[in-house]
>>> print(open('coords-v5.csv').read())   # CSV, C-alpha atoms
chain,number,residue,atom,x,y,z
A,1,MET,CA,-14.5,-23.5,2.8
A,2,GLY,CA,-14.0,-25.8,-0.2
A,3,GLY,CA,-11.5,-23.6,-2.1
A,4,LYS,CA,-8.3,-24.8,-3.7
A,5,PRO,CA,-5.7,-22.3,-2.4
A,6,PHE,CA,-2.2,-21.9,-3.9
A,7,LEU,CA,0.6,-19.4,-3.3
A,8,THR,CA,1.8,-17.4,-6.2
A,9,ASP,CA,4.2,-14.7,-7.4
A,10,ALA,CA,5.5,-13.6,-10.8
A,11,ASN,CA,9.2,-13.8,-11.8
A,12,THR,CA,11.4,-10.7,-11.3
A,13,LEU,CA,12.7,-8.5,-14.0
A,14,TYR,CA,16.2,-8.3,-12.5
A,15,VAL,CA,18.5,-11.3,-12.6
A,16,GLY,CA,18.6,-13.2,-9.3
A,17,GLY,CA,17.0,-16.0,-7.3
A,18,ARG,CA,13.4,-15.4,-8.7
A,19,ALA,CA,14.0,-14.6,-12.4
A,20,ASN,CA,12.7,-18.0,-13.6
A,21,SER,CA,10.3,-20.6,-12.1
A,22,VAL,CA,13.0,-23.1,-11.1
A,23,ASP,CA,15.1,-20.6,-9.1
A,24,HIS,CA,11.9,-19.0,-7.8
A,25,LEU,CA,10.5,-22.2,-6.4
A,26,ASN,CA,13.9,-23.1,-4.8
A,27,SER,CA,13.9,-19.6,-3.2
A,28,ALA,CA,10.4,-20.0,-1.9
A,29,ILE,CA,11.1,-23.4,-0.4
A,30,ALA,CA,14.4,-22.3,1.1
A,31,ASN,CA,12.5,-19.4,2.9
A,32,GLY,CA,9.9,-21.7,4.4
A,33,PHE,CA,7.1,-21.6,1.8
A,34,GLY,CA,7.2,-25.3,1.1
A,35,TYR,CA,4.1,-27.5,0.9
A,36,ALA,CA,5.0,-29.2,4.2
A,37,SER,CA,4.6,-25.9,6.1
A,38,ILE,CA,1.9,-24.2,4.1
A,39,GLN,CA,-0.2,-27.1,2.9
A,40,ALA,CA,-0.8,-25.4,-0.4
A,41,PRO,CA,1.2,-25.6,-3.7
A,42,ILE,CA,3.2,-22.8,-5.2
A,43,ILE,CA,2.4,-21.8,-8.8
A,44,ILE,CA,4.6,-19.2,-10.4
A,45,ALA,CA,2.1,-16.9,-12.1
A,46,ASP,CA,4.0,-16.2,-15.4
A,47,GLY,CA,5.6,-19.6,-16.0
A,48,LEU,CA,9.1,-20.9,-16.5
A,49,LYS,CA,10.7,-17.9,-18.1
A,50,GLY,CA,8.1,-15.2,-17.6
A,51,LYS,CA,6.3,-15.8,-20.9
A,52,ASN,CA,3.0,-17.2,-19.5
A,53,THR,CA,1.2,-13.9,-19.6
A,54,MET,CA,-2.3,-12.5,-20.3
A,55,GLU,CA,-3.1,-9.0,-21.6
A,56,VAL,CA,-5.8,-7.3,-19.6
A,57,GLU,CA,-7.6,-4.1,-20.8
A,58,VAL,CA,-7.5,-1.2,-18.4
A,59,ASN,CA,-7.8,2.0,-20.6
A,60,LEU,CA,-6.2,4.3,-18.0
A,61,LYS,CA,-3.7,7.1,-18.0
A,62,HIS,CA,-0.6,5.2,-18.8
A,63,PHE,CA,-1.8,1.9,-20.3
A,64,LYS,CA,-4.5,0.6,-22.5
A,65,ASN,CA,-3.5,-3.0,-21.8
A,66,ILE,CA,-1.3,-4.5,-19.1
A,67,LYS,CA,0.6,-7.8,-19.0
A,68,VAL,CA,-0.1,-10.1,-16.0
A,69,GLY,CA,1.0,-13.6,-15.0
A,70,SER,CA,-1.9,-15.6,-16.5
A,71,GLU,CA,-2.4,-18.0,-13.6
A,72,VAL,CA,-3.5,-15.1,-11.5
A,73,MET,CA,-6.2,-14.2,-14.0
A,74,HIS,CA,-7.4,-17.7,-14.1
A,75,ALA,CA,-7.9,-17.8,-10.3
A,76,ASP,CA,-11.4,-17.1,-9.0
A,77,SER,CA,-10.3,-15.0,-6.0
A,78,LEU,CA,-7.3,-13.3,-4.6
A,79,ILE,CA,-5.9,-12.6,-1.1
A,80,SER,CA,-2.9,-10.3,-1.0
A,81,LEU,CA,-0.5,-10.8,1.9
A,82,ALA,CA,1.9,-7.9,1.9
A,83,HIS,CA,4.8,-6.7,4.0
A,84,PHE,CA,4.5,-3.0,4.6
A,85,LYS,CA,7.9,-1.4,4.3
A,86,GLY,CA,10.0,1.4,2.7
A,87,HIS,CA,11.0,1.4,-1.0
A,88,GLN,CA,13.7,3.3,-2.8
A,89,LEU,CA,11.5,4.2,-5.8
A,90,THR,CA,7.9,4.3,-4.6
A,91,GLY,CA,8.4,5.6,-1.0
A,92,PHE,CA,6.7,2.5,0.5
A,93,GLY,CA,5.7,-0.9,-0.7
A,94,GLY,CA,2.4,-2.4,0.5
A,95,THR,CA,-0.7,-3.9,-1.1
A,96,PHE,CA,-0.5,-2.0,-4.4
A,97,LYS,CA,3.2,-2.9,-5.0
A,98,ASN,CA,2.6,-6.5,-3.9
A,99,ILE,CA,-0.2,-7.0,-6.4
A,100,GLY,CA,0.7,-4.7,-9.3
A,101,MET,CA,4.5,-5.1,-9.4
A,102,GLY,CA,4.4,-8.6,-7.8
A,103,LEU,CA,1.9,-10.2,-10.3
A,104,GLY,CA,2.8,-8.2,-13.4
A,105,SER,CA,4.8,-10.5,-15.8
A,106,ARG,CA,8.5,-9.8,-16.4
A,107,ALA,CA,7.5,-7.7,-19.4
A,108,GLY,CA,4.9,-6.0,-17.3
A,109,LYS,CA,7.5,-5.1,-14.7
A,110,GLN,CA,9.5,-3.4,-17.5
A,111,MET,CA,6.4,-1.5,-18.5
A,112,MET,CA,5.9,-0.3,-14.9
A,113,HIS,CA,9.6,0.6,-14.2
A,114,SER,CA,10.3,2.8,-17.3
A,115,ALA,CA,8.8,4.8,-20.1
A,116,VAL,CA,12.2,4.7,-21.8
A,117,LEU,CA,12.2,2.5,-24.9
A,118,PRO,CA,14.9,-0.2,-25.0
A,119,GLU,CA,18.1,-0.2,-27.1
A,120,ILE,CA,20.3,-3.0,-28.4
A,121,GLU,CA,23.9,-3.0,-27.3
A,122,GLU,CA,25.6,-4.2,-30.5
A,123,GLU,CA,28.7,-5.6,-28.9
A,124,HIS,CA,26.7,-8.1,-26.8
A,125,CYS,CA,24.2,-9.2,-29.4
A,126,ILE,CA,24.8,-12.8,-30.6
A,127,LYS,CA,22.2,-12.6,-33.4
A,128,CYS,CA,20.0,-15.3,-32.0
A,129,LYS,CA,16.9,-13.4,-33.0
A,130,GLN,CA,14.9,-14.5,-30.0
A,131,CYS,CA,13.8,-10.9,-29.5
A,132,VAL,CA,12.5,-10.8,-33.0
A,133,LYS,CA,10.4,-13.9,-32.4
A,134,TYR,CA,8.7,-12.4,-29.3
A,135,CYS,CA,8.3,-8.8,-30.5
A,136,PRO,CA,4.6,-8.2,-30.9
A,137,GLU,CA,5.1,-5.1,-33.2
A,138,ASP,CA,7.8,-6.6,-35.5
A,139,CYS,CA,10.0,-3.6,-34.8
A,140,ILE,CA,13.4,-5.3,-34.3
A,141,THR,CA,15.9,-5.8,-37.1
A,142,ILE,CA,18.8,-8.3,-36.6
A,143,ASN,CA,21.2,-9.0,-39.4
A,144,GLU,CA,25.0,-9.3,-40.0
A,145,GLU,CA,25.4,-5.5,-40.4
A,146,LYS,CA,23.3,-4.2,-37.4
A,147,SER,CA,20.9,-4.9,-34.6
A,148,PHE,CA,18.4,-2.2,-33.8
A,149,ILE,CA,14.9,-1.4,-32.5
A,150,ASN,CA,12.7,0.9,-34.5
A,151,HIS,CA,11.4,3.4,-31.9
A,152,ASP,CA,8.8,4.8,-34.3
A,153,ILE,CA,6.7,1.6,-33.8
A,154,CYS,CA,8.1,0.2,-30.5
A,155,ILE,CA,5.4,0.2,-27.8
A,156,GLY,CA,7.9,-0.5,-24.9
A,157,CYS,CA,6.3,-3.8,-23.9
A,158,GLY,CA,9.5,-5.2,-22.5
A,159,GLU,CA,9.3,-8.6,-24.2
A,160,CYS,CA,12.7,-8.2,-25.9
A,161,VAL,CA,14.3,-7.2,-22.6
A,162,VAL,CA,13.2,-10.3,-20.8
A,163,THR,CA,13.9,-12.6,-23.8
A,164,CYS,CA,17.5,-11.6,-24.6
A,165,PRO,CA,19.9,-14.4,-23.3
A,166,THR,CA,23.0,-12.1,-23.2
A,167,GLU,CA,21.4,-8.9,-21.8
A,168,ALA,CA,22.2,-7.1,-25.0
A,169,ILE,CA,18.8,-5.4,-24.6
A,170,THR,CA,19.2,-3.9,-21.2
A,171,ILE,CA,16.7,-3.3,-18.5
A,172,GLU,CA,15.6,0.3,-18.4
A,173,TRP,CA,15.1,1.7,-14.9
A,174,GLU,CA,14.7,5.4,-15.8
A,175,ALA,CA,11.4,6.6,-14.3
A,176,THR,CA,10.0,9.2,-11.9
A,177,SER,CA,8.8,8.0,-8.6
A,178,GLU,CA,5.2,9.2,-9.1
A,179,GLY,CA,5.1,7.7,-12.6
A,180,VAL,CA,6.0,4.2,-11.3
A,181,GLU,CA,3.5,4.6,-8.5
A,182,GLU,CA,0.7,5.3,-10.9
A,183,ARG,CA,1.7,2.5,-13.3
A,184,LEU,CA,1.8,-0.1,-10.6
A,185,VAL,CA,-1.6,1.0,-9.4
A,186,GLU,CA,-3.0,0.6,-12.9
A,187,PHE,CA,-1.6,-3.0,-12.9
A,188,THR,CA,-3.4,-3.6,-9.6
A,189,TYR,CA,-6.6,-2.2,-11.1
A,190,GLY,CA,-6.4,-4.6,-14.0
A,191,ILE,CA,-5.7,-7.6,-11.8
A,192,VAL,CA,-8.5,-7.2,-9.3
A,193,LYS,CA,-11.2,-5.7,-11.5
A,194,GLU,CA,-12.4,-9.1,-12.7
A,195,LYS,CA,-12.6,-10.4,-9.1
A,196,LYS,CA,-15.1,-8.0,-7.7
A,197,ASP,CA,-16.1,-8.9,-4.2
A,198,LYS,CA,-13.6,-11.8,-4.3
A,199,THR,CA,-10.5,-10.0,-3.1
A,200,ALA,CA,-9.1,-9.3,0.4
A,201,TYR,CA,-6.0,-7.4,1.4
A,202,ILE,CA,-3.7,-7.9,4.4
A,203,ASN,CA,-0.7,-5.7,5.4
A,204,PHE,CA,1.9,-6.9,7.9
A,205,ILE,CA,3.2,-3.7,9.6
A,206,THR,CA,6.0,-5.5,11.3
A,207,ASN,CA,9.8,-5.1,10.8
A,208,VAL,CA,9.0,-1.9,8.8
A,209,SER,CA,12.4,-1.9,7.0
A,210,PRO,CA,13.6,1.2,5.1
A,211,ASP,CA,14.1,-0.6,1.9
A,212,CYS,CA,12.4,-3.3,-0.3
A,213,ASP,CA,12.6,-6.9,0.7
A,214,CYS,CA,14.3,-7.7,-2.6
A,215,SER,CA,17.5,-6.2,-1.2
A,216,GLY,CA,20.1,-8.6,0.2
A,217,TRP,CA,20.6,-6.3,3.2
A,218,ASN,CA,18.6,-4.1,5.5
A,219,ASP,CA,18.8,-1.6,8.3
A,220,ARG,CA,17.0,-1.2,11.6
A,221,PRO,CA,13.2,-0.9,11.4
A,222,ILE,CA,11.8,2.6,10.9
A,223,VAL,CA,9.2,2.1,13.7
A,224,ARG,CA,8.2,-0.6,16.2
A,225,ASP,CA,6.0,-3.5,15.2
A,226,ILE,CA,2.5,-2.2,14.9
A,227,GLY,CA,0.4,-5.2,13.9
A,228,ILE,CA,-1.6,-6.7,11.0
A,229,LEU,CA,-4.2,-4.8,9.1
A,230,ALA,CA,-6.9,-6.3,6.9
A,231,SER,CA,-9.6,-4.9,4.7
A,232,LYS,CA,-11.6,-5.4,1.5
A,233,ASP,CA,-10.7,-1.9,0.5
A,234,PRO,CA,-7.1,-1.7,-0.6
A,235,VAL,CA,-7.0,2.1,-0.7
A,236,ALA,CA,-8.3,2.4,2.9
A,237,LEU,CA,-5.8,-0.3,4.0
A,238,GLU,CA,-2.8,1.5,2.5
A,239,GLN,CA,-3.9,4.8,3.9
A,240,ALA,CA,-4.4,3.4,7.4
A,241,SER,CA,-1.1,1.6,7.2
A,242,LEU,CA,0.7,4.8,6.2
A,243,ASP,CA,-1.0,6.8,8.9
A,244,LEU,CA,-0.1,4.3,11.7
A,245,VAL,CA,3.5,4.3,10.7
A,246,ASN,CA,3.7,8.1,10.5
A,247,LYS,CA,2.1,8.5,14.0
A,248,GLU,CA,4.8,6.4,15.6
A,249,GLU,CA,8.0,7.6,17.1
A,250,LYS,CA,11.0,6.6,15.0
A,251,CYS,CA,13.1,3.7,16.2
A,252,PHE,CA,16.5,4.6,17.8
A,253,GLY,CA,19.4,4.0,15.4
A,254,MET,CA,17.3,3.9,12.2
A,255,LEU,CA,18.9,4.7,8.9
A,256,VAL,CA,18.0,8.4,8.7
A,257,ASP,CA,19.7,10.5,11.4
A,258,LYS,CA,17.1,13.2,11.5
A,259,ASP,CA,14.6,14.5,14.0
A,260,ILE,CA,11.4,13.0,12.5
A,261,LYS,CA,8.4,14.0,14.5
A,262,PRO,CA,5.3,11.8,14.9
A,263,GLY,CA,2.9,12.7,12.1
A,264,GLU,CA,5.5,13.4,9.5
A,265,ASN,CA,5.9,11.0,6.5
A,266,LYS,CA,8.8,8.8,7.6
A,267,PHE,CA,9.2,7.2,4.1
A,268,LYS,CA,9.7,10.7,2.6
A,269,HIS,CA,12.5,11.3,5.1
A,270,VAL,CA,14.1,7.9,4.3
A,271,HIS,CA,13.7,8.3,0.5
A,272,PRO,CA,13.6,12.1,-0.1
A,273,SER,CA,13.5,11.6,-3.9
A,274,THR,CA,10.0,10.1,-3.5
A,275,ASP,CA,6.7,11.6,-2.2
A,276,GLY,CA,6.7,9.0,0.5
A,277,GLY,CA,4.2,6.8,-1.4
A,278,LEU,CA,1.3,9.3,-1.3
A,279,ARG,CA,0.7,9.3,-5.1
A,280,GLN,CA,-0.1,5.5,-5.2
A,281,ILE,CA,-2.9,6.0,-2.7
A,282,GLU,CA,-4.3,9.2,-4.3
A,283,TYR,CA,-4.3,7.7,-7.8
A,284,ALA,CA,-5.9,4.5,-6.6
A,285,GLU,CA,-8.8,6.4,-5.2
A,286,GLU,CA,-9.0,8.5,-8.4
A,287,ILE,CA,-9.4,5.4,-10.6
A,288,GLY,CA,-12.0,3.8,-8.3
A,289,LEU,CA,-10.0,1.2,-6.4
A,290,GLY,CA,-11.5,2.3,-3.1
A,291,SER,CA,-11.7,5.2,-0.6
A,292,ARG,CA,-9.0,6.8,1.6
A,293,ASP,CA,-11.6,7.2,4.4
A,294,TYR,CA,-11.5,4.3,6.9
A,295,GLU,CA,-12.6,3.2,10.4
A,296,LEU,CA,-9.9,1.4,12.3
A,297,ILE,CA,-11.3,-1.5,14.3
A,298,GLU,CA,-8.9,-3.1,16.8
A,299,LEU,CA,-9.3,-6.8,17.6
>>> encode(input="coords-v5.csv", output="structure tokens")
Amino acid sequence: MGGKPFLTDANTLYVGGRANSVDHLNSAIANGFGYASIQAPIIIADGLKGKNTMEVEVNLKHFKNIKVGSEVMHADSLISLAHFKGHQLTGFGGTFKNIGMGLGSRAGKQMMHSAVLPEIEEEHCIKCKQCVKYCPEDCITINEEKSFINHDICIGCGECVVTCPTEAITIEWEATSEGVEERLVEFTYGIVKEKKDKTAYINFITNVSPDCDCSGWNDRPIVRDIGILASKDPVALEQASLDLVNKEEKCFGMLVDKDIKPGENKFKHVHPSTDGGLRQIEYAEEIGLGSRDYELIEL
């Protein structure tokens, strides 16, 4: 069709094999996403250390602006390929988590994960002042006597968290499930709003694992492999994916040893501290990302 496709992802907030572009590219190639098999290059959306970001105005409930990997915003169109599975914090992870959390910059991921403002652990601070350099609000003080963040003016952007080389400014994970669901949907909204009629969404409802793919372990699938769903409406896609999983009989030997009847929200059973992922679908419809009504066409 004359396009110039590339694969993309943004660096992770947590330390691991995808926290910077070098490790991230090595992980991608080791897992089969090399140019030889895909015939498209990989471009990490937020750059070498997660600093290649763009602020996008959304003016929604949680955020006025969001921080996104800039290469995504420079692209003309977007196709989301998501693995539909369970998630410990959001009930399930599908299209919204793939786009919102996946393409938010490292600082953006901190914004989504927690409304708690960061603190500096004095004993780990080496006084390098890199956090001061990147703080957009000039709210960090580092001197010989003390290191602290002024919470009166801190906006919780997360730049200091992802900048600190010694993890003296620790990642904050404290958040309610529904709050994270809403925030990642707001990130999705900001990413796709400039690409109207130039987005498509695909969910792979296969190997529906109970936990997120970022875990280094997993359990038996929740349900049998169902298939691949595609839509230009991300809300309809997520609703249809959830409905199909919930209609299924649970797999024998799955993680939760409960009598889960067809029709019940299986993700709620697997992760009872969540709402089973419902809020992300409801909120996405509320802010105009699409409709929960759908027609399922089988091919």
>>> atom_distance(input="coords-v5.csv", atom1="atom CA of A:Leu103", atom2="atom CA of A:Gly69")
5.9 Å
>>> closest_residue(input="coords-v5.csv", among="A:Ile287, A:Leu299, A:Ile169, A:Leu244", to="A:Asn59", atoms="all atoms listed in the file")
A:Ile287
>>> closest_residue(input="coords-v5.csv", among="A:Asp259, A:Glu194, A:Glu123, A:Glu249", to="A:Ala75", atoms="all atoms listed in the file")
A:Glu194
>>> atom_distance(input="coords-v5.csv", atom1="atom CA of A:Ile281", atom2="atom CA of A:Ala19")
28.4 Å
>>> residues_around(input="coords-v5.csv", residues="stretch 289-293 of chain A", least_positions_apart="4", cutoff="7 Å", atoms="all atoms listed in the file", output="list in words")
Tyr189, Asp233, Pro234, Val235, Ala236, Gln239, Ala284 and Glu285 of chain A
>>> write_last_selection(input="coords-v5.csv", atoms="C-alpha atoms", output="JSON list (two decimals), keeping the file's coordinate frame")
[["chain", "number", "residue", "atom", "x", "y", "z"],
["A", 189, "TYR", "CA", -6.60, -2.20, -11.10],
["A", 233, "ASP", "CA", -10.70, -1.90, 0.50],
["A", 234, "PRO", "CA", -7.10, -1.70, -0.60],
["A", 235, "VAL", "CA", -7.00, 2.10, -0.70],
["A", 236, "ALA", "CA", -8.30, 2.40, 2.90],
["A", 239, "GLN", "CA", -3.90, 4.80, 3.90],
["A", 284, "ALA", "CA", -5.90, 4.50, -6.60],
["A", 285, "GLU", "CA", -8.80, 6.40, -5.20]]
>>> closest_atom_pairs(input="coords-v5.csv", of="stretch 95-201 of chain A", to="stretch 20-30 of chain A", cutoff="12 Å", atoms="all atoms listed in the file", output="tab-separated table")
residue	atom	partner	partner_atom	distance
A:Ser105	CA	A:Asn20	CA	11.1
A:Arg106	CA	A:Asn20	CA	9.6
A:Val162	CA	A:Asn20	CA	10.6
A:Thr163	CA	A:Asn20	CA	11.6
>>> write_last_selection(input="coords-v5.csv", atoms="C-alpha atoms", output="mmCIF file, in the coordinates of the input")
data_model
loop_
_atom_site.group_PDB
_atom_site.id
_atom_site.type_symbol
_atom_site.label_atom_id
_atom_site.label_comp_id
_atom_site.auth_asym_id
_atom_site.auth_seq_id
_atom_site.Cartn_x
_atom_site.Cartn_y
_atom_site.Cartn_z
ATOM 1 C CA SER A 105 4.800 -10.500 -15.800
ATOM 2 C CA ARG A 106 8.500 -9.800 -16.400
ATOM 3 C CA VAL A 162 13.200 -10.300 -20.800
ATOM 4 C CA THR A 163 13.900 -12.600 -23.800
#
>>> closest_residue(input="coords-v5.csv", among="A:Gly94, A:Gly263, A:Pro5, A:Gly216", to="A:Gln280", atoms="only C-alpha atoms")
A:Gly94
>>> atom_distance(input="coords-v5.csv", atom1="atom CA of A:Pro272", atom2="atom CA of A:Thr90")
10.7 Å
>>> residues_around(input="coords-v5.csv", residues="A:Ala200", least_positions_apart="5", cutoff="7 Å", atoms="only C-alpha atoms", output="ChimeraX atom specification")
/A:78-80,231-232
>>> residues_around(input="coords-v5.csv", residues="stretch 134-137 of chain A", least_positions_apart="2", cutoff="12 Å", atoms="only C-alpha atoms", output="PyMOL selection string")
chain A and resi 51+107+128-132+139-141+149-164
>>> closest_residue(input="coords-v5.csv", among="A:Asp275, A:Glu248, A:Glu167, A:Asp211", to="A:Ile226", atoms="all atoms listed in the file")
A:Glu248
>>> closest_residue(input="coords-v5.csv", among="A:Gly50, A:Pro165, A:Gly34, A:Gly179", to="A:Cys125", atoms="only C-alpha atoms")
A:Pro165
>>> closest_residue(input="coords-v5.csv", among="A:Leu229, A:Met54, A:Leu81, A:Ile222", to="A:Asn265", atoms="only C-alpha atoms")
A:Ile222
>>> residues_around(input="coords-v5.csv", residues="A:Ser147", least_positions_apart="5", cutoff="7 Å", atoms="all atoms listed in the file", output="PyMOL selection string")
chain A and resi 120+122+141-142
>>> write_last_selection(input="coords-v5.csv", atoms="C-alpha atoms", output="PDB file, keeping the file's coordinate frame")
ATOM      1  CA  ILE A 120      20.300  -3.000 -28.400  1.00  0.00           C
ATOM      2  CA  GLU A 122      25.600  -4.200 -30.500  1.00  0.00           C
ATOM      3  CA  THR A 141      15.900  -5.800 -37.100  1.00  0.00           C
ATOM      4  CA  ILE A 142      18.800  -8.300 -36.600  1.00  0.00           C
TER       5      ILE A 142
END
>>> residues_near_point(input="coords-v5.csv", point="(0.3, -17.4, 2.1)", cutoff="12 Å", atoms="all atoms listed in the file", output="number ranges by chain")
A: 5-9, 28, 32-35, 37-43, 78-83, 201-202
>>> residues_around(input="coords-v5.csv", residues="A:Lys268", least_positions_apart="2", cutoff="12 Å", atoms="all atoms listed in the file", output="PyMOL selection string")
chain A and resi 86-92+177+210+222+242+246+256+258+260+263-266+270-279
